[in-house]
$ cat run.cif   # mmCIF, C-alpha atoms
data_input
#
loop_
_atom_site.label_atom_id
_atom_site.label_comp_id
_atom_site.auth_asym_id
_atom_site.auth_seq_id
_atom_site.Cartn_x
_atom_site.Cartn_y
_atom_site.Cartn_z
CA MET J 1461 2.75 -10.83 -9.46
CA VAL J 1462 1.97 -7.15 -8.88
CA SER J 1463 0.74 -6.26 -5.42
CA ARG J 1464 -2.22 -3.98 -4.78
CA VAL J 1465 0.11 -1.26 -3.51
CA GLU J 1466 2.28 -1.51 -6.64
CA SER J 1467 -0.79 -1.44 -8.86
CA ALA J 1468 -2.19 1.61 -7.05
CA ALA J 1469 1.18 3.36 -7.34
CA ALA J 1470 1.35 2.57 -11.05
CA THR J 1471 -2.17 3.91 -11.58
CA ARG J 1472 -1.38 7.07 -9.65
CA ARG J 1473 1.79 7.53 -11.72
CA ALA J 1474 -0.17 7.05 -14.96
CA LEU J 1475 -2.76 9.60 -13.82
CA LEU J 1476 -0.12 12.18 -12.92
CA ASP J 1477 1.64 11.67 -16.25
CA ALA J 1478 -1.63 11.95 -18.14
CA ALA J 1479 -2.59 15.12 -16.27
CA ALA J 1480 0.82 16.66 -16.97
CA GLY J 1481 0.47 15.81 -20.66
CA LEU J 1482 -2.99 17.34 -20.87
CA LEU J 1483 -1.80 20.42 -19.00
CA ASP J 1484 1.12 20.84 -21.42
CA SER J 1485 -1.04 20.46 -24.50
CA GLY J 1486 -4.12 22.44 -23.48
CA GLY J 1487 -3.64 24.24 -20.19
CA PRO J 1488 -5.62 23.69 -16.98
CA GLY J 1489 -8.94 23.73 -18.85
CA ALA J 1490 -7.94 20.56 -20.70
CA VAL J 1491 -7.43 18.68 -17.43
CA THR J 1492 -10.56 16.92 -16.22
CA LEU J 1493 -10.59 13.75 -14.18
CA ARG J 1494 -12.47 12.02 -16.98
CA ALA J 1495 -9.95 13.11 -19.64
CA VAL J 1496 -7.04 12.15 -17.40
CA GLY J 1497 -8.51 8.70 -16.82
CA ALA J 1498 -9.11 8.19 -20.53
CA ARG J 1499 -5.58 9.27 -21.40
CA ALA J 1500 -4.13 7.04 -18.67
CA GLY J 1501 -6.20 4.10 -19.91
CA VAL J 1502 -7.89 3.43 -16.59
CA THR J 1503 -11.54 3.02 -15.60
CA ARG J 1504 -13.71 6.12 -15.22
CA GLY J 1505 -13.73 5.80 -11.44
CA ALA J 1506 -9.99 5.26 -11.00
CA PRO J 1507 -8.99 8.95 -10.97
CA TYR J 1508 -11.46 9.64 -8.16
CA ARG J 1509 -9.92 6.91 -6.01
CA HIS J 1510 -6.58 8.74 -6.15
CA PHE J 1511 -7.62 12.41 -6.34
CA PRO J 1512 -10.85 13.81 -4.93
CA ASP J 1513 -10.96 16.63 -7.47
CA LYS J 1514 -9.16 18.37 -10.30
CA ASP J 1515 -7.49 20.89 -7.98
CA SER J 1516 -5.91 18.11 -5.95
CA LEU J 1517 -4.62 16.44 -9.10
CA LEU J 1518 -3.15 19.66 -10.50
CA THR J 1519 -1.61 20.45 -7.12
CA ALA J 1520 0.07 17.02 -7.14
CA VAL J 1521 1.42 17.71 -10.65
CA ALA J 1522 2.81 21.06 -9.44
CA ALA J 1523 4.36 19.44 -6.36
CA GLU J 1524 6.23 16.94 -8.53
CA ALA J 1525 7.49 19.74 -10.77
CA LEU J 1526 8.71 21.72 -7.77
CA ASP J 1527 10.50 18.63 -6.46
CA ARG J 1528 12.21 18.12 -9.83
CA LEU J 1529 13.28 21.77 -9.85
CA ALA J 1530 14.61 21.44 -6.30
CA ASP J 1531 16.57 18.34 -7.34
CA GLN J 1532 18.13 20.23 -10.26
CA VAL J 1533 19.09 23.21 -8.15
CA GLN J 1534 20.45 20.98 -5.38
CA ALA J 1535 22.64 19.10 -7.86
CA VAL J 1536 24.13 22.39 -9.06
CA ARG J 1537 24.41 23.82 -5.54
CA THR J 1538 26.38 20.84 -4.25
CA ASP J 1539 28.78 20.64 -7.21
CA PRO J 1540 32.14 21.88 -5.87
CA ARG J 1541 33.45 22.53 -9.38
CA VAL J 1542 30.91 25.30 -10.07
CA SER J 1543 31.44 28.88 -8.88
CA PRO J 1544 28.72 30.49 -6.74
CA ALA J 1545 27.74 32.90 -9.56
CA ASP J 1546 27.54 30.04 -12.06
CA LYS J 1547 25.40 28.06 -9.61
CA LEU J 1548 23.03 31.00 -9.41
CA HIS J 1549 22.95 31.35 -13.18
CA SER J 1550 22.22 27.63 -13.56
CA GLY J 1551 19.44 27.73 -10.98
CA LEU J 1552 17.76 30.67 -12.68
CA SER J 1553 18.20 29.02 -16.08
CA ALA J 1554 16.56 25.82 -14.79
CA LEU J 1555 13.52 27.84 -13.80
CA MET J 1556 13.41 29.59 -17.18
CA THR J 1557 13.62 26.23 -18.95
CA VAL J 1558 10.44 25.05 -17.24
CA GLY J 1559 8.72 28.30 -18.22
CA ARG J 1560 9.77 27.93 -21.84
CA ARG J 1561 9.03 24.24 -22.29
CA GLN J 1562 5.96 23.95 -20.09
CA PRO J 1563 4.40 27.38 -19.60
CA HIS J 1564 1.14 26.04 -18.15
CA LEU J 1565 3.03 23.94 -15.61
CA TYR J 1566 5.29 26.88 -14.83
CA ARG J 1567 2.30 29.07 -13.97
CA LEU J 1568 0.77 26.25 -11.93
CA MET J 1569 3.99 25.88 -9.91
CA PHE J 1570 3.61 29.48 -8.76
CA THR J 1571 -0.12 29.37 -8.08
CA SER J 1572 -1.36 28.83 -4.54
CA PRO J 1573 -2.02 25.11 -4.14
CA ALA J 1574 -5.64 24.01 -3.88
CA GLY J 1575 -7.51 20.80 -3.27
CA ASP J 1576 -7.42 18.31 -0.46
CA PRO J 1577 -5.19 19.06 2.55
CA ALA J 1578 -2.73 16.26 1.76
CA ALA J 1579 -2.10 17.57 -1.76
CA VAL J 1580 -1.75 21.14 -0.50
CA HIS J 1581 0.66 20.02 2.21
CA ALA J 1582 2.80 18.08 -0.29
CA ALA J 1583 2.89 21.06 -2.66
CA ASN J 1584 3.82 23.44 0.15
CA GLN J 1585 6.64 21.12 1.21
CA ALA J 1586 7.91 20.84 -2.35
CA GLY J 1587 7.72 24.62 -2.77
CA ASP J 1588 9.57 25.16 0.50
CA ARG J 1589 12.26 22.73 -0.58
CA ALA J 1590 12.69 24.42 -3.96
CA MET J 1591 12.80 27.83 -2.28
CA GLY J 1592 15.34 26.58 0.24
CA GLU J 1593 17.63 25.39 -2.54
CA PHE J 1594 17.22 28.69 -4.37
CA LEU J 1595 17.95 30.70 -1.22
CA ALA J 1596 21.07 28.60 -0.63
CA ILE J 1597 22.51 29.39 -4.07
CA VAL J 1598 21.63 33.07 -3.70
CA GLY J 1599 23.33 33.07 -0.30
CA GLY J 1600 26.41 31.54 -1.88
CA VAL J 1601 26.77 34.69 -3.97
CA VAL J 1602 25.56 37.46 -1.67
CA GLY J 1603 26.10 35.96 1.79
CA ALA J 1604 23.47 34.67 4.17
CA GLU J 1605 22.78 38.11 5.63
CA HIS J 1606 21.71 39.49 2.23
CA THR J 1607 19.89 36.46 0.83
CA ARG J 1608 16.38 37.69 1.61
CA ARG J 1609 17.18 41.05 0.04
CA PHE J 1610 18.40 39.71 -3.30
CA ALA J 1611 16.38 36.48 -3.72
CA PRO J 1612 13.04 38.19 -4.45
CA LEU J 1613 14.73 40.58 -6.87
CA LEU J 1614 16.27 37.66 -8.75
CA LEU J 1615 13.13 35.54 -8.72
CA THR J 1616 10.80 38.29 -9.88
CA SER J 1617 13.28 39.37 -12.55
CA VAL J 1618 13.54 35.87 -13.97
CA HIS J 1619 9.77 35.46 -13.86
CA GLY J 1620 9.47 38.68 -15.86
CA ILE J 1621 12.15 37.63 -18.34
CA THR J 1622 10.51 34.24 -18.81
CA ASP J 1623 7.02 35.69 -19.17
CA MET J 1624 8.15 38.27 -21.72
CA GLU J 1625 10.02 35.64 -23.74
CA VAL J 1626 7.21 33.06 -23.67
CA ASN J 1627 4.69 35.70 -24.74
CA GLY J 1628 6.87 36.95 -27.60
CA HIS J 1629 7.74 40.33 -26.10
CA LEU J 1630 11.46 39.70 -25.69
CA SER J 1631 12.76 39.38 -29.20
CA ALA J 1632 16.44 39.90 -29.91
CA ASP J 1633 15.41 42.06 -32.87
CA LYS J 1634 13.56 44.48 -30.61
CA TRP J 1635 15.87 44.53 -27.59
CA GLN J 1636 19.19 43.30 -29.04
CA ILE J 1637 19.54 40.93 -26.10
CA THR J 1638 18.44 37.38 -25.36
CA ALA J 1639 16.88 36.00 -22.21
CA GLU J 1640 20.13 34.20 -21.43
CA GLU J 1641 22.09 37.43 -21.77
CA LEU J 1642 19.65 39.17 -19.44
CA VAL J 1643 20.14 36.47 -16.82
CA THR J 1644 23.92 36.70 -17.23
CA THR J 1645 23.71 40.48 -16.76
CA LEU J 1646 21.44 40.11 -13.75
CA VAL J 1647 23.75 37.61 -12.04
CA ALA J 1648 26.80 39.76 -12.79
CA MET J 1649 25.08 42.83 -11.31
CA ILE J 1650 24.12 40.95 -8.15
CA ASP J 1651 27.61 39.46 -7.85
CA ARG J 1652 29.22 42.91 -8.23
CA GLN J 1653 26.80 44.49 -5.76
CA ALA J 1654 27.43 41.76 -3.21
CA HIS J 1655 31.18 42.19 -3.43
CA SER J 1656 31.33 45.98 -3.65
CA GLY J 1657 31.03 46.78 -0.08
#

$ encode --input "run.cif" --output "structure tokens"
Amino acid sequence: MVSRVESAAATRRALLDAAAGLLDSGGPGAVTLRAVGARAGVTRGAPYRHFPDKDSLLTAVAAEALDRLADQVQAVRTDPRVSPADKLHSGLSALMTVGRRQPHLYRLMFTSPAGDPAAVHAANQAGDRAMGEFLAIVGGVVGAEHTRRFAPLLLTSVHGITDMEVNGHLSADKWQITAEELVTTLVAMIDRQAHSG
């Protein structure tokens, strides 16, 4: 027999999955509590028992995505078989993969969280965790004393690369380089700079 807590957790999970699916297929405008409930197969009132508003629901979706990204980066960061530069490349590639496969979610992950305080707090914690993992892999390449200098350069560069690719402005025909090659070049430049003096 399923307990009330298990049932509530299953409903919440179904709502988050439904919201993520609607976000992927139609962007934030496609996500309404009513549409999420219908897609999840729950009663009309069920979404409101778990999320007070759309912003809180979308913030919870973003928090889960940030946690998944942090898990990926942590797995790479703690792998002793991978060089620091390759760890950095993998972390940046993981971020680009989200941007390519789920562009609406990607933008949501880097939007200030909104909604009820609990959802905002959870999203901020997830974002801090993802950033901490990213800073750790950057520090592995450039050293702790230079992490805050190079991390924003890397992050903004990869955001730009991802945005240009997703929007069709980074074609190999036009630039004779792929997004992956740009990231490889970026990591190599940072690695060289960090070890040049």

$ closest_residue --input "run.cif" --among "J:Leu1526, J:Val1533, J:Pro1577, J:Leu1493" --to "J:Ser1550" --atoms "only C-alpha atoms"
J:Val1533

$ closest_atom_pairs --input "run.cif" --of "stretch 1520-1616 of chain J" --to "stretch 1501-1516 of chain J" --cutoff "7 Å" --atoms "all atoms listed in the file" --output "tab-separated table"
residue	atom	partner	partner_atom	distance
J:Ala1520	CA	J:Ser1516	CA	6.2
J:Ala1574	CA	J:Asp1515	CA	5.5
J:Gly1575	CA	J:Ser1516	CA	4.1
J:Asp1576	CA	J:Ser1516	CA	5.7
J:Ala1579	CA	J:Ser1516	CA	5.7

$ residues_near_point --input "run.cif" --point "(5.0, 17.7, -0.4)" --cutoff "10 Å" --atoms "all atoms listed in the file" --output "PyMOL selection string"
chain J and resi 1519-1520+1522-1524+1526-1527+1578-1589

$ closest_residue --input "run.cif" --among "J:Leu1555, J:Leu1630, J:Ala1479, J:Met1624" --to "J:Arg1528" --atoms "all atoms listed in the file"
J:Leu1555

$ resolve_selection --input "run.cif" --expression "the PyMOL selection byres ((chain J and resi 1593) around 12)" --output "count of residues only"
33

$ axis_aligned_box --input "run.cif" --around "stretch 1541-1555 of chain J" --padding-each-side "5 Å" --output "AutoDock Vina command-line options"
--center_x 23.5 --center_y 27.7 --center_z -11.4 --size_x 29.9 --size_y 20.4 --size_z 19.3

$ residues_around --input "run.cif" --residues "stretch 1645-1648 of chain J" --least-positions-apart "2" --cutoff "9 Å" --atoms "only C-alpha atoms" --output "PyMOL selection string"
chain J and resi 1545-1546+1548-1549+1614+1617-1618+1640-1643+1650-1653

$ closest_residue --input "run.cif" --among "J:His1564, J:His1606, J:Arg1473, J:Arg1464" --to "J:Ala1490" --atoms "all atoms listed in the file"
J:His1564

$ atom_distance --input "run.cif" --atom1 "atom CA of J:Val1496" --atom2 "atom CA of J:Gly1481"
9.0 Å

$ closest_residue --input "run.cif" --among "J:Val1601, J:Leu1615, J:Met1556, J:Val1521" --to "J:Met1569" --atoms "only C-alpha atoms"
J:Val1521

$ atom_distance --input "run.cif" --atom1 "atom CA of J:Arg1499" --atom2 "atom CA of J:Ala1478"
5.8 Å

$ atom_distance --input "run.cif" --atom1 "atom CA of J:Phe1610" --atom2 "atom CA of J:Trp1635"
24.9 Å

$ closest_residue --input "run.cif" --among "J:His1629, J:Gly1489, J:Ser1553, J:Arg1567" --to "J:Thr1644" --atoms "only C-alpha atoms"
J:Ser1553

$ build_atoms --input "run.cif" --residues "stretch 1481-1503 of chain J" --atoms "N, CA and C atoms" --output "mmCIF file, in the frame of the given file"
data_model
loop_
_atom_site.group_PDB
_atom_site.id
_atom_site.type_symbol
_atom_site.label_atom_id
_atom_site.label_comp_id
_atom_site.auth_asym_id
_atom_site.auth_seq_id
_atom_site.Cartn_x
_atom_site.Cartn_y
_atom_site.Cartn_z
ATOM 1 N N GLY J 1481 0.548 15.739 -19.199
ATOM 2 C CA GLY J 1481 0.470 15.810 -20.660
ATOM 3 C C GLY J 1481 -0.684 16.674 -21.138
ATOM 4 N N LEU J 1482 -1.834 16.515 -20.509
ATOM 5 C CA LEU J 1482 -2.990 17.340 -20.870
ATOM 6 C C LEU J 1482 -2.750 18.806 -20.523
ATOM 7 N N LEU J 1483 -2.123 19.051 -19.399
ATOM 8 C CA LEU J 1483 -1.800 20.420 -19.000
ATOM 9 C C LEU J 1483 -0.862 21.058 -20.027
ATOM 10 N N ASP J 1484 0.166 20.321 -20.429
ATOM 11 C CA ASP J 1484 1.120 20.840 -21.420
ATOM 12 C C ASP J 1484 0.445 21.165 -22.748
ATOM 13 N N SER J 1485 -0.457 20.288 -23.169
ATOM 14 C CA SER J 1485 -1.040 20.460 -24.500
ATOM 15 C C SER J 1485 -2.214 21.432 -24.541
ATOM 16 N N GLY J 1486 -2.921 21.605 -23.411
ATOM 17 C CA GLY J 1486 -4.120 22.440 -23.480
ATOM 18 C C GLY J 1486 -4.373 23.344 -22.305
ATOM 19 N N GLY J 1487 -3.451 23.391 -21.363
ATOM 20 C CA GLY J 1487 -3.640 24.240 -20.190
ATOM 21 C C GLY J 1487 -4.554 23.583 -19.166
ATOM 22 N N PRO J 1488 -4.797 24.261 -18.048
ATOM 23 C CA PRO J 1488 -5.620 23.690 -16.980
ATOM 24 C C PRO J 1488 -7.024 23.317 -17.420
ATOM 25 N N GLY J 1489 -7.579 24.035 -18.384
ATOM 26 C CA GLY J 1489 -8.940 23.730 -18.850
ATOM 27 C C GLY J 1489 -9.043 22.372 -19.516
ATOM 28 N N ALA J 1490 -7.929 21.868 -20.040
ATOM 29 C CA ALA J 1490 -7.940 20.560 -20.700
ATOM 30 C C ALA J 1490 -7.880 19.408 -19.705
ATOM 31 N N VAL J 1491 -7.584 19.720 -18.451
ATOM 32 C CA VAL J 1491 -7.430 18.680 -17.430
ATOM 33 C C VAL J 1491 -8.763 18.482 -16.713
ATOM 34 N N THR J 1492 -9.390 17.356 -16.986
ATOM 35 C CA THR J 1492 -10.560 16.920 -16.220
ATOM 36 C C THR J 1492 -10.240 15.516 -15.744
ATOM 37 N N LEU J 1493 -10.859 15.092 -14.667
ATOM 38 C CA LEU J 1493 -10.590 13.750 -14.180
ATOM 39 C C LEU J 1493 -10.986 12.696 -15.210
ATOM 40 N N ARG J 1494 -12.040 12.956 -15.932
ATOM 41 C CA ARG J 1494 -12.470 12.020 -16.980
ATOM 42 C C ARG J 1494 -11.420 11.936 -18.095
ATOM 43 N N ALA J 1495 -10.950 13.094 -18.573
ATOM 44 C CA ALA J 1495 -9.950 13.110 -19.640
ATOM 45 C C ALA J 1495 -8.641 12.485 -19.182
ATOM 46 N N VAL J 1496 -8.275 12.738 -17.951
ATOM 47 C CA VAL J 1496 -7.040 12.150 -17.400
ATOM 48 C C VAL J 1496 -7.168 10.636 -17.349
ATOM 49 N N GLY J 1497 -8.301 10.146 -16.873
ATOM 50 C CA GLY J 1497 -8.510 8.700 -16.820
ATOM 51 C C GLY J 1497 -8.472 8.066 -18.188
ATOM 52 N N ALA J 1498 -9.108 8.714 -19.160
ATOM 53 C CA ALA J 1498 -9.110 8.190 -20.530
ATOM 54 C C ALA J 1498 -7.701 8.153 -21.092
ATOM 55 N N ARG J 1499 -6.949 9.223 -20.879
ATOM 56 C CA ARG J 1499 -5.580 9.270 -21.400
ATOM 57 C C ARG J 1499 -4.681 8.241 -20.710
ATOM 58 N N ALA J 1500 -4.928 8.013 -19.429
ATOM 59 C CA ALA J 1500 -4.130 7.040 -18.670
ATOM 60 C C ALA J 1500 -4.565 5.603 -18.957
ATOM 61 N N GLY J 1501 -5.721 5.445 -19.590
ATOM 62 C CA GLY J 1501 -6.200 4.100 -19.910
ATOM 63 C C GLY J 1501 -6.732 3.345 -18.704
ATOM 64 N N VAL J 1502 -7.334 4.072 -17.783
ATOM 65 C CA VAL J 1502 -7.890 3.430 -16.590
ATOM 66 C C VAL J 1502 -9.413 3.588 -16.601
ATOM 67 N N THR J 1503 -10.082 2.936 -15.680
ATOM 68 C CA THR J 1503 -11.540 3.020 -15.600
ATOM 69 C C THR J 1503 -11.956 4.443 -15.230
#
